[in-house]
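Trainee: Sharing protein_11.csv (CSV, C-alpha atoms and all ligand atoms) below.
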chain,number,residue,atom,x,y,z
A,6,MET,CA,-2.6,-23.0,3.4
A,7,GLU,CA,-0.1,-22.4,0.7
A,8,LEU,CA,-0.1,-18.8,-0.5
A,9,ILE,CA,2.0,-17.2,-3.1
A,10,ALA,CA,3.5,-13.7,-2.5
A,11,HIS,CA,3.8,-11.1,-5.1
A,12,ALA,CA,5.7,-7.9,-4.5
A,13,GLY,CA,4.2,-4.8,-6.1
A,14,ALA,CA,4.2,-1.1,-6.4
A,15,ILE,CA,1.0,0.9,-6.1
A,16,HIS,CA,0.3,4.5,-7.1
A,17,LEU,CA,2.6,5.6,-9.9
A,18,HIS,CA,2.3,8.4,-12.5
A,19,SER,CA,3.6,8.0,-16.0
A,20,ALA,CA,3.9,10.5,-18.8
A,21,TYR,CA,0.1,10.1,-19.2
A,22,SER,CA,-0.4,12.3,-16.1
A,23,PHE,CA,-0.1,16.0,-16.6
A,24,ASP,CA,2.5,16.0,-13.8
A,25,GLY,CA,4.3,12.9,-14.9
A,26,ARG,CA,7.3,12.5,-17.3
A,27,VAL,CA,8.3,8.8,-17.8
A,28,PRO,CA,6.9,6.6,-20.6
A,29,ILE,CA,5.3,3.5,-19.1
A,30,ASN,CA,7.7,1.1,-20.8
A,31,GLU,CA,10.6,2.7,-19.0
A,32,ILE,CA,8.7,2.4,-15.7
A,33,ILE,CA,8.1,-1.3,-16.4
A,34,ALA,CA,11.8,-1.9,-17.2
A,35,ALA,CA,12.8,-0.3,-14.0
A,36,ALA,CA,10.3,-2.4,-12.1
A,37,ARG,CA,11.6,-5.6,-13.7
A,38,GLN,CA,15.2,-4.7,-12.8
A,39,ASN,CA,14.2,-4.1,-9.2
A,40,GLY,CA,12.3,-7.3,-8.5
A,41,ILE,CA,8.8,-6.0,-8.8
A,42,ASP,CA,6.1,-8.5,-9.8
A,43,PHE,CA,3.2,-6.1,-10.4
A,44,LEU,CA,2.5,-2.4,-10.9
A,45,LEU,CA,-0.8,-0.7,-10.2
A,46,LEU,CA,-0.6,2.4,-12.4
A,47,THR,CA,-2.7,5.4,-11.4
A,48,ASP,CA,-2.5,8.3,-13.9
A,49,HIS,CA,-4.7,11.3,-13.2
A,50,ALA,CA,-8.2,11.0,-14.7
A,51,THR,CA,-7.3,8.7,-17.5
A,52,LEU,CA,-7.1,5.0,-18.5
A,53,ARG,CA,-5.1,5.7,-21.5
A,54,ALA,CA,-2.5,3.1,-20.8
A,55,LYS,CA,-5.2,0.5,-20.8
A,56,ASP,CA,-6.8,1.8,-24.0
A,57,GLU,CA,-3.3,1.5,-25.6
A,58,GLY,CA,-3.1,-2.2,-24.6
A,59,LEU,CA,-0.4,-1.8,-22.0
A,60,GLU,CA,-2.4,-3.6,-19.3
A,61,GLY,CA,-1.1,-7.2,-18.8
A,62,TRP,CA,2.1,-9.1,-18.7
A,63,HIS,CA,5.4,-7.5,-19.7
A,64,ASP,CA,8.1,-10.1,-19.4
A,65,GLY,CA,7.4,-11.0,-15.7
A,66,VAL,CA,5.8,-7.8,-14.6
A,67,LEU,CA,2.0,-7.6,-14.4
A,68,VAL,CA,0.7,-4.1,-15.2
A,69,VAL,CA,-2.8,-3.1,-14.0
A,70,VAL,CA,-4.1,0.2,-15.1
A,71,GLY,CA,-6.2,2.2,-12.6
A,72,GLU,CA,-6.9,5.9,-12.2
A,73,GLU,CA,-6.2,8.5,-9.5
A,74,ILE,CA,-9.2,10.8,-8.9
A,75,ALA,CA,-7.6,14.0,-7.6
A,76,PRO,CA,-9.6,17.0,-6.7
A,77,ARG,CA,-8.0,19.5,-4.3
A,78,PHE,CA,-8.5,17.1,-1.4
A,79,ASN,CA,-9.7,13.5,-1.1
A,80,HIS,CA,-7.6,11.7,-3.7
A,81,TYR,CA,-8.8,8.2,-4.6
A,82,LEU,CA,-7.2,5.3,-6.4
A,83,ALA,CA,-9.6,3.2,-8.4
A,84,PHE,CA,-9.0,-0.2,-10.1
A,85,GLY,CA,-11.1,-2.6,-12.1
A,86,LEU,CA,-12.7,0.3,-14.2
A,87,SER,CA,-13.9,0.0,-17.7
A,88,GLU,CA,-13.9,3.8,-18.2
A,89,PRO,CA,-12.4,6.8,-16.3
A,90,VAL,CA,-14.4,8.1,-13.4
A,91,SER,CA,-13.1,11.6,-13.4
A,92,THR,CA,-11.9,14.2,-15.9
A,93,LEU,CA,-9.3,16.9,-15.1
A,94,LYS,CA,-12.1,19.4,-15.6
A,95,ASP,CA,-14.8,18.0,-13.3
A,96,SER,CA,-12.5,16.6,-10.6
A,97,PRO,CA,-12.5,19.8,-8.5
A,98,ASP,CA,-16.2,19.6,-8.0
A,99,ILE,CA,-17.2,16.0,-7.4
A,100,PRO,CA,-17.8,15.1,-3.7
A,101,PRO,CA,-15.8,12.0,-2.7
A,102,GLN,CA,-18.9,9.9,-2.0
A,103,ALA,CA,-19.9,10.4,-5.6
A,104,TYR,CA,-16.7,9.1,-7.1
A,105,ILE,CA,-16.6,6.2,-4.6
A,106,ASP,CA,-20.1,5.3,-5.8
A,107,ARG,CA,-19.1,5.7,-9.4
A,108,VAL,CA,-16.2,3.3,-9.0
A,109,GLN,CA,-18.5,0.8,-7.2
A,110,SER,CA,-21.2,1.0,-9.9
A,111,GLN,CA,-18.6,0.0,-12.5
A,112,GLY,CA,-17.7,-3.1,-10.3
A,113,GLY,CA,-14.4,-1.6,-9.4
A,114,MET,CA,-12.7,-1.0,-6.1
A,115,GLY,CA,-11.0,2.0,-4.6
A,116,PHE,CA,-8.5,3.1,-2.0
A,117,ILE,CA,-8.3,6.4,-0.1
A,118,ALA,CA,-4.9,7.8,-1.2
A,119,HIS,CA,-2.2,9.4,1.1
A,120,PRO,CA,-4.9,10.2,3.8
A,121,ASP,CA,-2.5,12.3,6.0
A,122,HIS,CA,-0.4,13.9,3.4
A,123,GLU,CA,1.1,17.1,4.9
A,124,GLY,CA,3.2,18.6,2.0
A,125,ALA,CA,6.5,20.3,2.5
A,126,ALA,CA,6.2,24.1,3.2
A,127,LEU,CA,10.0,24.7,2.6
A,128,PHE,CA,9.6,23.4,-1.0
A,129,HIS,CA,6.1,24.8,-1.6
A,130,VAL,CA,4.5,21.3,-1.8
A,131,LYS,CA,0.9,21.7,-0.9
A,132,HIS,CA,-0.9,19.2,1.4
A,133,TYR,CA,-3.3,16.7,-0.1
A,134,PRO,CA,-5.0,14.9,2.8
A,135,TRP,CA,-8.3,13.0,2.8
A,136,THR,CA,-10.8,15.2,4.7
A,137,ASP,CA,-14.2,13.6,4.4
A,138,TRP,CA,-14.4,10.6,6.7
A,139,THR,CA,-18.2,10.3,6.5
A,140,VAL,CA,-17.8,8.3,3.2
A,141,ILE,CA,-18.7,4.6,2.9
A,142,GLY,CA,-18.2,1.9,0.4
A,143,TYR,CA,-14.4,2.2,-0.3
A,144,THR,CA,-12.2,-0.9,-0.3
A,145,GLY,CA,-9.3,0.4,1.7
A,146,MET,CA,-6.8,3.1,2.3
A,147,GLY,CA,-3.1,3.9,1.9
A,148,ILE,CA,-1.5,3.2,5.3
A,149,TRP,CA,2.1,4.0,4.2
A,150,ASP,CA,2.7,6.5,1.4
A,151,PHE,CA,6.4,6.9,0.4
A,152,MET,CA,5.9,10.6,-0.7
A,153,THR,CA,4.0,11.6,2.5
A,154,ASP,CA,6.7,10.0,4.7
A,155,TRP,CA,9.7,11.3,2.6
A,156,GLN,CA,8.3,14.8,2.3
A,157,ASN,CA,8.0,15.0,6.1
A,158,SER,CA,11.8,14.8,6.2
A,159,LEU,CA,12.2,18.0,4.1
A,160,SER,CA,12.4,20.4,7.1
A,161,THR,CA,15.7,22.0,6.2
A,162,HIS,CA,17.8,22.3,3.0
A,163,LEU,CA,20.5,20.1,4.5
A,164,ARG,CA,18.1,17.4,5.5
A,165,ALA,CA,16.5,17.6,2.1
A,166,ILE,CA,19.9,16.9,0.4
A,167,LEU,CA,20.6,14.0,2.6
A,168,SER,CA,17.1,12.7,2.4
A,169,TYR,CA,17.2,12.9,-1.4
A,170,ALA,CA,20.5,11.0,-1.5
A,171,PHE,CA,19.4,8.4,1.1
A,172,PRO,CA,15.6,8.3,1.2
A,173,ALA,CA,15.2,5.0,2.9
A,174,PHE,CA,17.1,6.2,5.9
A,175,PHE,CA,14.6,9.1,6.4
A,176,LEU,CA,11.4,7.1,6.3
A,177,ARG,CA,9.6,6.8,9.7
A,178,GLY,CA,6.8,4.4,8.8
A,179,PRO,CA,3.1,4.8,8.7
A,180,SER,CA,2.0,7.9,10.7
A,181,ALA,CA,0.5,7.3,14.1
A,182,LYS,CA,-2.5,9.3,13.0
A,183,THR,CA,-3.1,7.1,10.0
A,184,LEU,CA,-2.7,3.8,12.0
A,185,GLU,CA,-5.0,5.0,14.8
A,186,ARG,CA,-7.8,5.8,12.3
A,187,TRP,CA,-7.2,2.6,10.4
A,188,ASP,CA,-7.5,0.6,13.7
A,189,ARG,CA,-10.7,2.4,14.5
A,190,LEU,CA,-12.2,1.8,11.1
A,191,THR,CA,-11.2,-1.9,11.1
A,192,GLN,CA,-13.3,-2.4,14.3
A,193,GLU,CA,-16.3,-1.8,12.1
A,194,ARG,CA,-15.4,-3.6,8.9
A,195,ARG,CA,-12.6,-4.8,6.7
A,196,ILE,CA,-10.6,-1.8,5.4
A,197,VAL,CA,-7.6,-3.0,3.3
A,198,GLY,CA,-4.3,-1.2,4.1
A,199,ILE,CA,-2.0,-0.7,1.1
A,200,GLY,CA,1.4,0.9,0.5
A,201,GLU,CA,1.8,3.7,-2.0
A,202,LEU,CA,4.7,5.3,-3.9
A,203,ASP,CA,3.0,8.3,-5.5
A,204,ASN,CA,6.1,8.7,-7.6
A,205,HIS,CA,6.1,11.1,-10.6
A,206,ASP,CA,9.8,11.5,-11.4
A,207,SER,CA,9.1,15.2,-11.5
A,208,LEU,CA,11.9,17.8,-11.7
A,209,LYS,CA,12.4,19.8,-8.6
A,210,GLN,CA,14.9,22.5,-7.6
A,211,LEU,CA,17.3,21.7,-4.8
A,212,LEU,CA,19.8,24.4,-4.2
A,213,GLY,CA,19.3,25.7,-7.7
A,214,ILE,CA,19.9,22.3,-9.3
A,215,ASN,CA,17.2,20.3,-11.1
A,216,VAL,CA,16.8,16.9,-9.5
A,217,SER,CA,14.4,14.1,-10.4
A,218,VAL,CA,12.0,13.1,-7.6
A,219,PHE,CA,12.5,10.2,-8.1
A,220,PRO,CA,13.9,8.1,-10.9
A,221,PHE,CA,11.6,5.0,-10.7
A,222,ALA,CA,14.6,2.6,-10.3
A,223,ARG,CA,15.3,4.3,-7.0
A,224,VAL,CA,11.9,3.9,-5.4
A,225,PHE,CA,10.9,0.3,-6.1
A,226,SER,CA,12.7,-1.1,-3.1
A,227,LEU,CA,11.1,1.6,-0.8
A,228,ILE,CA,7.4,1.0,-0.1
A,229,ARG,CA,6.2,-2.3,-1.5
A,230,THR,CA,2.8,-3.9,-1.2
A,231,HIS,CA,2.9,-7.7,-1.1
A,232,VAL,CA,-0.2,-9.5,-2.1
A,233,LEU,CA,-0.8,-13.2,-1.3
A,234,THR,CA,-2.8,-15.3,-3.8
A,235,GLU,CA,-4.1,-18.9,-3.4
A,236,SER,CA,-2.7,-20.0,-6.7
A,237,PRO,CA,0.1,-19.0,-9.0
A,238,PHE,CA,-0.5,-16.7,-12.0
A,239,SER,CA,-1.5,-18.6,-15.2
A,240,GLY,CA,-0.3,-16.3,-17.9
A,241,ASN,CA,-3.9,-15.4,-18.8
A,242,ILE,CA,-4.1,-11.7,-18.4
A,243,ARG,CA,-7.8,-11.4,-17.4
A,244,ALA,CA,-7.5,-14.3,-14.9
A,245,ASP,CA,-4.3,-13.0,-13.4
A,246,ILE,CA,-5.6,-9.5,-12.9
A,247,ALA,CA,-8.7,-10.9,-11.3
A,248,LEU,CA,-6.6,-13.1,-9.0
A,249,LEU,CA,-4.4,-10.2,-8.0
A,250,LEU,CA,-7.2,-7.7,-7.4
A,251,GLY,CA,-9.3,-10.3,-5.7
A,252,ALA,CA,-6.6,-11.0,-3.1
A,253,LEU,CA,-6.0,-7.3,-2.7
A,254,LYS,CA,-9.7,-6.7,-2.1
A,255,ASN,CA,-9.6,-9.4,0.5
A,256,GLY,CA,-6.8,-7.7,2.4
A,257,ARG,CA,-4.3,-10.5,1.9
A,258,VAL,CA,-1.7,-7.8,1.9
A,259,TYR,CA,1.3,-6.6,3.8
A,260,VAL,CA,3.2,-3.4,3.3
A,261,SER,CA,7.0,-3.0,3.7
A,262,LEU,CA,10.2,-1.0,3.3
A,263,ASP,CA,12.3,-3.6,1.4
A,264,TYR,CA,15.4,-1.4,1.1
A,265,PHE,CA,17.3,-2.8,4.1
A,266,ARG,CA,15.9,-6.3,4.0
A,267,PRO,CA,13.3,-7.8,1.6
A,268,ALA,CA,10.1,-8.6,3.5
A,269,THR,CA,9.3,-11.6,1.3
A,270,GLY,CA,8.7,-14.6,3.5
A,271,PHE,CA,6.8,-12.7,6.1
A,272,SER,CA,3.7,-14.6,7.3
A,273,LEU,CA,0.9,-14.3,9.8
A,274,ILE,CA,-1.2,-17.4,10.3
A,275,LEU,CA,-3.9,-18.3,12.7
A,276,THR,CA,-4.8,-22.0,13.2
A,277,GLU,CA,-7.4,-23.8,15.3
A,278,GLU,CA,-8.3,-27.5,14.9
A,279,GLY,CA,-7.3,-27.8,11.3
A,280,ARG,CA,-8.8,-24.5,10.2
A,281,SER,CA,-6.4,-21.7,9.3
A,282,ALA,CA,-6.6,-18.1,8.2
A,283,THR,CA,-4.2,-15.3,7.3
A,284,MET,CA,-4.2,-11.5,7.1
A,285,GLY,CA,-7.4,-10.1,5.6
A,286,ASP,CA,-9.5,-13.1,6.6
A,287,ALA,CA,-12.3,-13.3,9.1
A,288,PHE,CA,-11.9,-16.2,11.5
A,289,PRO,CA,-14.6,-17.5,13.8
A,290,LEU,CA,-12.8,-18.6,17.0
A,291,ALA,CA,-14.1,-21.7,18.8
A,292,HIS,CA,-11.9,-21.9,21.9
A,293,SER,CA,-8.2,-21.1,21.5
A,294,ALA,CA,-6.3,-20.6,18.3
A,295,GLU,CA,-2.5,-20.3,17.7
A,296,LEU,CA,-1.3,-17.1,16.0
A,297,THR,CA,2.1,-17.3,14.4
A,298,ILE,CA,4.0,-14.4,12.9
A,299,ARG,CA,7.3,-15.2,11.1
A,300,VAL,CA,9.7,-12.7,9.6
A,301,PRO,CA,12.7,-13.4,7.3
A,302,HIS,CA,15.2,-11.7,9.7
A,303,GLN,CA,15.6,-10.9,13.4
A,304,ALA,CA,13.4,-8.0,14.2
A,305,ARG,CA,11.1,-6.5,16.8
A,306,ILE,CA,7.7,-8.0,16.1
A,307,ARG,CA,4.6,-6.4,17.7
A,308,LEU,CA,1.1,-7.9,17.6
A,309,ILE,CA,-1.5,-5.2,17.8
A,310,ARG,CA,-5.1,-6.0,18.9
A,311,ASN,CA,-7.9,-3.5,18.4
A,312,GLY,CA,-5.2,-0.7,18.0
A,313,ALA,CA,-3.3,-1.5,21.2
A,314,LEU,CA,-0.1,-3.4,21.7
A,315,PHE,CA,-1.0,-7.0,22.6
A,316,ARG,CA,2.3,-8.9,22.5
A,317,GLU,CA,5.9,-8.0,21.6
A,318,THR,CA,9.1,-10.0,21.0
A,319,THR,CA,12.5,-9.7,19.3
A,320,GLY,CA,13.4,-12.6,17.0
A,321,THR,CA,12.1,-14.2,13.9
A,322,THR,CA,8.9,-15.7,15.3
A,323,LEU,CA,6.1,-14.6,17.6
A,324,ALA,CA,3.6,-17.3,18.6
A,325,VAL,CA,0.7,-16.6,20.9
A,326,ALA,CA,-2.6,-18.3,21.9
A,327,ILE,CA,-5.6,-16.3,20.9
A,328,ILE,CA,-8.7,-16.8,23.1
A,329,GLU,CA,-10.5,-13.5,22.5
A,330,SER,CA,-12.1,-12.0,19.4
A,331,GLY,CA,-10.5,-8.9,18.0
A,332,VAL,CA,-8.7,-7.3,15.1
A,333,TYR,CA,-5.1,-8.5,15.1
A,334,ARG,CA,-2.3,-7.1,13.0
A,335,ALA,CA,1.5,-7.1,13.0
A,336,GLU,CA,4.1,-4.3,13.0
A,337,VAL,CA,7.7,-5.2,12.5
A,338,HIS,CA,10.8,-3.0,13.0
A,339,LEU,CA,14.3,-3.8,11.9
A,340,LYS,CA,17.6,-2.6,13.4
A,341,PHE,CA,19.9,-1.3,10.8
A,342,LEU,CA,23.0,0.9,11.5
A,343,GLY,CA,22.1,1.3,15.1
A,344,ARG,CA,18.6,2.6,14.5
A,345,ARG,CA,15.2,1.0,14.4
A,346,ARG,CA,13.7,1.1,10.9
A,347,PRO,CA,10.0,0.6,10.0
A,348,TRP,CA,9.8,-2.7,8.1
A,349,ILE,CA,6.6,-4.6,7.8
A,350,PHE,CA,3.0,-3.7,8.5
A,351,SER,CA,0.4,-6.4,7.9
A,352,ASN,CA,-3.3,-6.3,7.3
A,353,PRO,CA,-5.3,-7.6,10.2
A,354,ILE,CA,-7.0,-11.0,10.8
A,355,TYR,CA,-10.6,-10.3,12.0
A,356,VAL,CA,-11.2,-12.8,14.8
A,357,THR,CA,-14.9,-13.2,15.7
A,358,SER,CA,-16.4,-15.5,18.3
A,359,LEU,CA,-18.0,-18.6,16.9
A,360,ALA,CA,-21.8,-18.4,17.4
A,361,LYS,CA,-22.8,-21.4,19.6
B,401,ZN,ZN,-2.8,12.1,-4.9
B,402,ZN,ZN,-0.7,10.5,-7.2
Show me, as structure tokens, the structure contained in the file I just sent.
Ligand SMILES: [Zn+2]
Ligand SMILES: [Zn+2]

Mentor:
Amino acid sequence: MELIAHAGAIHLHSAYSFDGRVPINEIIAAARQNGIDFLLLTDHATLRAKDEGLEGWHDGVLVVVGEEIAPRFNHYLAFGLSEPVSTLKDSPDIPPQAYIDRVQSQGGMGFIAHPDHEGAALFHVKHYPWTDWTVIGYTGMGIWDFMTDWQNSLSTHLRAILSYAFPAFFLRGPSAKTLERWDRLTQERRIVGIGELDNHDSLKQLLGINVSVFPFARVFSLIRTHVLTESPFSGNIRADIALLLGALKNGRVYVSLDYFRPATGFSLILTEEGRSATMGDAFPLAHSAELTIRVPHQARIRLIRNGALFRETTGTTLAVAIIESGVYRAEVHLKFLGRRRPWIFSNPIYVTSLAK
């Protein structure tokens, strides 16, 4: 199986959001300079960028325009829409199941955004978690949101200054709470895990000085979402967006912090008697299959089965025989400057037993 990896950034706010500042063309230029292949834009309650013809190819960067539906709680990222699902006026009142259904009825797909966002009390940043877990019909959820993770480091003014200067060094990875819930939910059905930036480039006061949180050029190597497609992009905008969103919907996705080492080259492949599968896929197991995880640099590789550690090694490859059904995913940590850093978090392979 030859898959092509595309590194992207999901959940970004441009000047078309009431709380954004940067024109989309500047965001695209920063993405291009930082090795980003695709951008999934999510301005609040609008598809204006799409209406203005900005969706599509921009000299090597594929821009897809989605919408963030953002009432007080339960923020939702929707893609593949023909018209906006929310307005800034009605957002406070719509129950989440209603907008999940509206997205579905347009043939779109949606992701629960920053589900365990906690805010930062010291800087008066409110918390924006997902609170209604009775909902159904969503495609996936953010498993690692840059803003959630970074804001958790803002516990003192000194830490905030250091963390603003060196954000990558303060990231701790997806929260245990988020991963536990994700593992529980994936026991029931495929729930695609994505990475988020939620960057606005907003001006904030730090010790009385206005700082930008964050210039886009500074965040594109932080949380990336890598999507694997079965064929290369063709240059046809409609076909390429469908190929990208299709692979995303199927969970052929891993999420990574690429600041210390790029994660490109990561793979997780399951093979049995000429059949093979990768992350996001369902795989009916006949007897015994070989699962191989490869990483582009020496690291601690953990294989998680049904939410529990199944196998662990340090190196560039983990190979293990799989004889039981289960939901298998990888977590990789990299050592950098004496400390273990969160690096790569894959979507699971869903191994079922082959009906005899
Ligand atoms: Zn949000
Ligand atoms: Zn947002």

Trainee: Using all atoms listed in the file, pick whichever of A:Leu308, A:Val332, A:Met284, A:Ala83 has the shortest atom-to-atom distance to Val260 of chain A.

Mentor: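 Checking each of A:Leu308, A:Val332, A:Met284, A:Ala83 against Val260 of chain A, counting all atoms listed in the file, the winner is A:Met284.
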
Trainee: Could you tell me, counting all atoms listed in the file, which protein and nucleic acid residues lie no more than 7 Å from ligand ZN 402 (chain B), written as JSON, numbers by chain?

Mentor: {"A": [16, 17, 18, 47, 73, 203]}

Trainee: With all atoms listed in the file counted, which protein, DNA or RNA residues have an atom no more than 10 Å from (1.5, 16.8, 7.2) in the file frame? Please answer as a PyMOL selection string.

Mentor: chain A and resi 120-126+131-134+153-154+156-157+180

Trainee: Mind pulling up the distance from atom CA of Val90 of chain A to atom CA of Phe219 of chain A?

Mentor: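 If I compute the distance from atom CA of Phe219 of chain A to atom CA of Val90 of chain A, I get 27.5 Å.
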
Trainee: What is the atom CA of Tyr104 of chain A to atom CA of Glu193 of chain A distance in Å?

Mentor: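 Going from atom CA of Tyr104 of chain A over to atom CA of Glu193 of chain A covers 22.1 Å.
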
Trainee: Quick one: pull the distance between atom CA of Lys94 of chain A and atom CA of Ile74 of chain A, Å, one decimal.

Mentor: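 Interatomic distance here is 11.3 Å.
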